[in-house]
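Here's the structure, in structure tokens; my notes come after.
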Amino acid sequence: MKIAVIGSVMVDLIAYTDTVPKAGETLVAKEFAMGCGGKGANQAVAASKLGAEVLMMGRVGDDAFAENSLANFEKYGVSTKHVTKVPGVSSGVAPIWVDADSQNRILIIPGANMHLLPADLDAAADELKQCSMIILQLEIPLETVYAAIEFGNSNGIPVLLNPAPASTELDIDYACRCDYFVPNETELEILTGMPVGNDDEIAAAASSLLAKGLKNLIVTLGDKGALWMHGSERQHVSAPTVSAVDTTGAGDGFIGCFAAELAAGTDVAAALGRAVSYASHSVTGKGTQTSYATAEEFAQWQSSH
Ligand code: RIB
């Protein structure tokens with residue numbers, strides 16, 4: 001079954017640096033890489049690399065980055081019929097720092113991504129209705145996210161919302177209309193205003209969010225795996241131990257894999273186990289989409305872990 005990703009397309013400008021500069025300071029970094037990113041695009045490419053049929057809906061700018069992003073989608077077999085250029089606007093860009101501990105800090109300049117509007121869903125409605133899931137993040141206008149949730153609800157299509165980057169403006173009632181709500185720890189902290197410094201704090205913050213009426217809350221926990229809460233059920237999925245070099249985009253790999261598994265008919269618990277492993281594998285490689293394994297590469301890696 002086809003997965004629809006309605007979301008962002010960015011160009012990642014990644015600096016690998018041992019130390020992050022202070023205000024007024026200039027430092028020499030070790031390495032630079034440019035890659036295709038954006039949380040939406042990353043999730044689409046991860047799912048497609050794993051064999052899912054993926055429809056991307058997004059906006060790119062009126063610049064050289066746009067051609068690169070479109071060619072990249074085509075290379076990975078993601079449908080770009082509804083990824084269009086916005087005249088006179090720049091593509092989304094994301095300067096990223098990856099530090100010596102392989103942790104990332106990301107700025108996004110959304111550019112064309114903010115031109116994906118609720119009315120644009122009409123043009124893609126026929127194809128969206130053929131999809132078995134709609135995946136959303138928060139790098140496009142909130143109104144478009146809400147309209148896509150309404151579209152999914154009224155057409156009986158399950159919706160997954162990844163509230164990234166976290167916004168306190170997100171209307172939690174819309175999150176409750178999604179089948180899966182998937183924040184990471186930082187997003188959980190911002191959305192609840194509660195601390196997430198240890199397992200007990202994470203569980204308390206997650207419980208308070210779930211209590212608002214979410215159907216399935218999945219908190220991604222980095223090297224600690226993921227926590228799935230629904231009703232009174234709690235399930236923690238632990239992650240394999242790996243040697244991380246770049247954590248950028250691991251959460252997107254998790255979502256792409258989770259959606260691909262659900263689309264293939266895998267049950268939620270098993271899909272979560274696969275998604276945690278897939279994200280763990282992704283941190284062993286540099287970059288965002290470049291670190292995602294194909295189905296064959298992932299199978300090979302899993303057999304040795
Ligand atoms: O989640 C990682 C992504 O966040 C990067 O690819 C960057 O483009 C930002 O959207």
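Each chain in the structure tokens gets a letter, A, B, ..., in the order shown, and its residues are numbered from 1; ligands are numbered from 1 in order too.
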(message) So that I can see what lies close to Thr144 (chain A), please list as a ChimeraX atom specification the residues with an atom at most 8 Å from it, counting only C-alpha atoms and leaving out residues fewer than 5 positions away in the same chain.
(response) /A:116-118
(request) All residues within 10 Å of ligand 1 are required, counting only C-alpha atoms and all ligand atoms; please report them as a VMD selection string. (result) chain A and resid 7 to 14 35 to 43 92 to 96 104 to 110 137 to 139 164 to 165 247 to 253 287 to 289
(message) Just list as JSON, numbers by chain whatever in region 26-211 of chain A DSSP marks as alpha helix (DSSP H).
(response) {"A": [39, 40, 41, 42, 43, 44, 45, 46, 47, 48, 49, 64, 65, 66, 67, 68, 69, 70, 71, 72, 73, 74, 75, 120, 121, 122, 123, 124, 125, 126, 127, 128, 142, 143, 144, 145, 146, 147, 148, 149, 150, 151, 152, 153, 154, 172, 173, 174, 175, 176, 185, 186, 187, 188, 189, 190, 191, 192, 199, 200, 201, 202, 203, 204, 205, 206, 207, 208, 209, 210]}
(request) Enter the distance from CA of Val83 (chain A) to CA of Val268 (chain A), in Å, rounded to one decimal. (result)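 Computing the Euclidean distance for CA of Val83 (chain A) and CA of Val268 (chain A) yields 29.5 Å.
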Taking the DSSP assignment computed from this structure's backbone, write out as a compact mmCIF listing (two decimals) with N, CA and C atoms, in the first residue's frame all residues of region 158-228 of chain A that belong to strand (DSSP E or B).
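Listing of states.txt after writing:
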# COMPACT_ATOMS: atom_id res chain seq x y z
N VAL A 159 -3.39 8.45 10.14
CA VAL A 159 -2.45 9.58 10.10
C VAL A 159 -1.40 9.42 11.19
N LEU A 160 -0.15 9.65 10.82
CA LEU A 160 0.96 9.69 11.78
C LEU A 160 1.48 11.12 11.82
N LEU A 161 1.52 11.71 13.01
CA LEU A 161 2.07 13.06 13.15
C LEU A 161 3.34 13.03 13.99
N TYR A 180 -1.19 7.89 15.20
CA TYR A 180 0.12 7.78 15.86
C TYR A 180 0.68 9.19 16.05
N PHE A 181 1.16 9.46 17.25
CA PHE A 181 1.79 10.74 17.56
C PHE A 181 3.19 10.40 18.04
N ASN A 184 10.09 13.08 19.87
CA ASN A 184 11.26 12.58 20.58
C ASN A 184 11.24 13.20 21.99
N LEU A 217 0.80 6.93 21.51
CA LEU A 217 1.93 7.84 21.71
C LEU A 217 3.21 7.02 21.64
N ILE A 218 4.09 7.40 20.73
CA ILE A 218 5.38 6.71 20.60
C ILE A 218 6.46 7.76 20.82
N VAL A 219 7.23 7.63 21.90
CA VAL A 219 8.31 8.59 22.18
C VAL A 219 9.62 7.94 21.75
N THR A 220 10.32 8.57 20.82
CA THR A 220 11.62 8.03 20.43
C THR A 220 12.66 8.54 21.43
N ALA A 226 12.61 3.24 22.23
CA ALA A 226 11.33 3.95 22.09
C ALA A 226 10.34 3.45 23.12
N LEU A 227 9.40 4.32 23.46
CA LEU A 227 8.34 3.99 24.42
C LEU A 227 7.01 4.12 23.70
N TRP A 228 6.20 3.06 23.75
CA TRP A 228 4.88 3.07 23.09
C TRP A 228 3.81 3.02 24.17
Close residues, Lys286 (chain A) itself excluded, 10 Å, only C-alpha atoms, min 3 positions apart in chain, as a PDB file with N, CA, C and O atoms, in the first residue's frame:
ATOM      1  N   ILE A  14      25.931  20.376   6.326  1.00  0.00           N
ATOM      2  CA  ILE A  14      26.372  19.760   7.585  1.00  0.00           C
ATOM      3  C   ILE A  14      27.845  20.055   7.860  1.00  0.00           C
ATOM      4  O   ILE A  14      28.711  19.765   7.028  1.00  0.00           O
ATOM      5  N   TYR A  16      30.846  19.074  10.449  1.00  0.00           N
ATOM      6  CA  TYR A  16      31.293  18.157  11.514  1.00  0.00           C
ATOM      7  C   TYR A  16      32.370  18.884  12.300  1.00  0.00           C
ATOM      8  O   TYR A  16      33.404  19.276  11.737  1.00  0.00           O
ATOM      9  N   ALA A  33      29.588  18.539   4.601  1.00  0.00           N
ATOM     10  CA  ALA A  33      28.865  17.723   3.608  1.00  0.00           C
ATOM     11  C   ALA A  33      27.548  18.400   3.286  1.00  0.00           C
ATOM     12  O   ALA A  33      26.916  19.003   4.162  1.00  0.00           O
ATOM     13  N   VAL A  98      27.279  18.854  13.649  1.00  0.00           N
ATOM     14  CA  VAL A  98      27.390  17.547  14.326  1.00  0.00           C
ATOM     15  C   VAL A  98      28.663  17.595  15.161  1.00  0.00           C
ATOM     16  O   VAL A  98      29.757  17.839  14.627  1.00  0.00           O
ATOM     17  N   SER A 102      28.749  13.096  18.268  1.00  0.00           N
ATOM     18  CA  SER A 102      27.833  12.720  17.175  1.00  0.00           C
ATOM     19  C   SER A 102      26.420  13.281  17.350  1.00  0.00           C
ATOM     20  O   SER A 102      25.486  12.863  16.681  1.00  0.00           O
ATOM     21  N   ALA A 244      27.973   5.350  17.319  1.00  0.00           N
ATOM     22  CA  ALA A 244      27.343   6.430  16.540  1.00  0.00           C
ATOM     23  C   ALA A 244      28.387   7.385  15.976  1.00  0.00           C
ATOM     24  O   ALA A 244      29.343   7.754  16.657  1.00  0.00           O
ATOM     25  N   VAL A 245      28.178   7.792  14.721  1.00  0.00           N
ATOM     26  CA  VAL A 245      29.023   8.845  14.140  1.00  0.00           C
ATOM     27  C   VAL A 245      28.209  10.102  13.803  1.00  0.00           C
ATOM     28  O   VAL A 245      28.752  11.197  13.740  1.00  0.00           O
ATOM     29  N   ASP A 246      26.908   9.941  13.573  1.00  0.00           N
ATOM     30  CA  ASP A 246      26.070  11.102  13.211  1.00  0.00           C
ATOM     31  C   ASP A 246      24.612  10.729  13.473  1.00  0.00           C
ATOM     32  O   ASP A 246      24.065   9.843  12.812  1.00  0.00           O
ATOM     33  N   THR A 247      24.002  11.418  14.448  1.00  0.00           N
ATOM     34  CA  THR A 247      22.614  11.080  14.817  1.00  0.00           C
ATOM     35  C   THR A 247      21.577  11.832  13.976  1.00  0.00           C
ATOM     36  O   THR A 247      20.372  11.612  14.146  1.00  0.00           O
ATOM     37  N   THR A 248      22.036  12.695  13.058  1.00  0.00           N
ATOM     38  CA  THR A 248      21.093  13.509  12.283  1.00  0.00           C
ATOM     39  C   THR A 248      20.138  12.628  11.464  1.00  0.00           C
ATOM     40  O   THR A 248      20.579  11.747  10.737  1.00  0.00           O
ATOM     41  N   GLY A 249      18.851  12.887  11.612  1.00  0.00           N
ATOM     42  CA  GLY A 249      17.865  12.184  10.786  1.00  0.00           C
ATOM     43  C   GLY A 249      17.498  10.799  11.289  1.00  0.00           C
ATOM     44  O   GLY A 249      16.715  10.095  10.641  1.00  0.00           O
ATOM     45  N   SER A 282      21.137   3.743  11.321  1.00  0.00           N
ATOM     46  CA  SER A 282      21.374   5.001  10.596  1.00  0.00           C
ATOM     47  C   SER A 282      22.423   5.874  11.280  1.00  0.00           C
ATOM     48  O   SER A 282      23.115   6.636  10.607  1.00  0.00           O
ATOM     49  N   VAL A 283      22.540   5.791  12.598  1.00  0.00           N
ATOM     50  CA  VAL A 283      23.513   6.662  13.284  1.00  0.00           C
ATOM     51  C   VAL A 283      24.952   6.185  13.095  1.00  0.00           C
ATOM     52  O   VAL A 283      25.895   6.880  13.464  1.00  0.00           O
ATOM     53  N   GLN A 289      19.752  11.178   4.738  1.00  0.00           N
ATOM     54  CA  GLN A 289      19.269  10.113   3.840  1.00  0.00           C
ATOM     55  C   GLN A 289      20.398   9.167   3.427  1.00  0.00           C
ATOM     56  O   GLN A 289      20.159   7.990   3.165  1.00  0.00           O
ATOM     57  N   THR A 290      21.618   9.690   3.375  1.00  0.00           N
ATOM     58  CA  THR A 290      22.751   8.838   2.986  1.00  0.00           C
ATOM     59  C   THR A 290      23.016   7.747   4.019  1.00  0.00           C
ATOM     60  O   THR A 290      23.673   6.755   3.725  1.00  0.00           O
ATOM     61  N   SER A 291      22.491   7.941   5.228  1.00  0.00           N
ATOM     62  CA  SER A 291      22.748   6.939   6.274  1.00  0.00           C
ATOM     63  C   SER A 291      21.640   5.883   6.353  1.00  0.00           C
ATOM     64  O   SER A 291      21.713   4.980   7.179  1.00  0.00           O
ATOM     65  N   TYR A 292      20.610   6.005   5.515  1.00  0.00           N
ATOM     66  CA  TYR A 292      19.507   5.032   5.580  1.00  0.00           C
ATOM     67  C   TYR A 292      19.834   3.804   4.729  1.00  0.00           C
ATOM     68  O   TYR A 292      20.213   3.924   3.562  1.00  0.00           O
TER      69      TYR A 292
END
(message) When you look at region 172-178 of chain A with a cut-off of 10 Å (counting only C-alpha atoms), what residues show up, excluding the ones that are within fewer than 6 positions of it in the same chain? I need them as a PyMOL selection string.
(response) chain A and resi 134-136+145-147+149-150+152-153+157-163+191+209-210+212-217
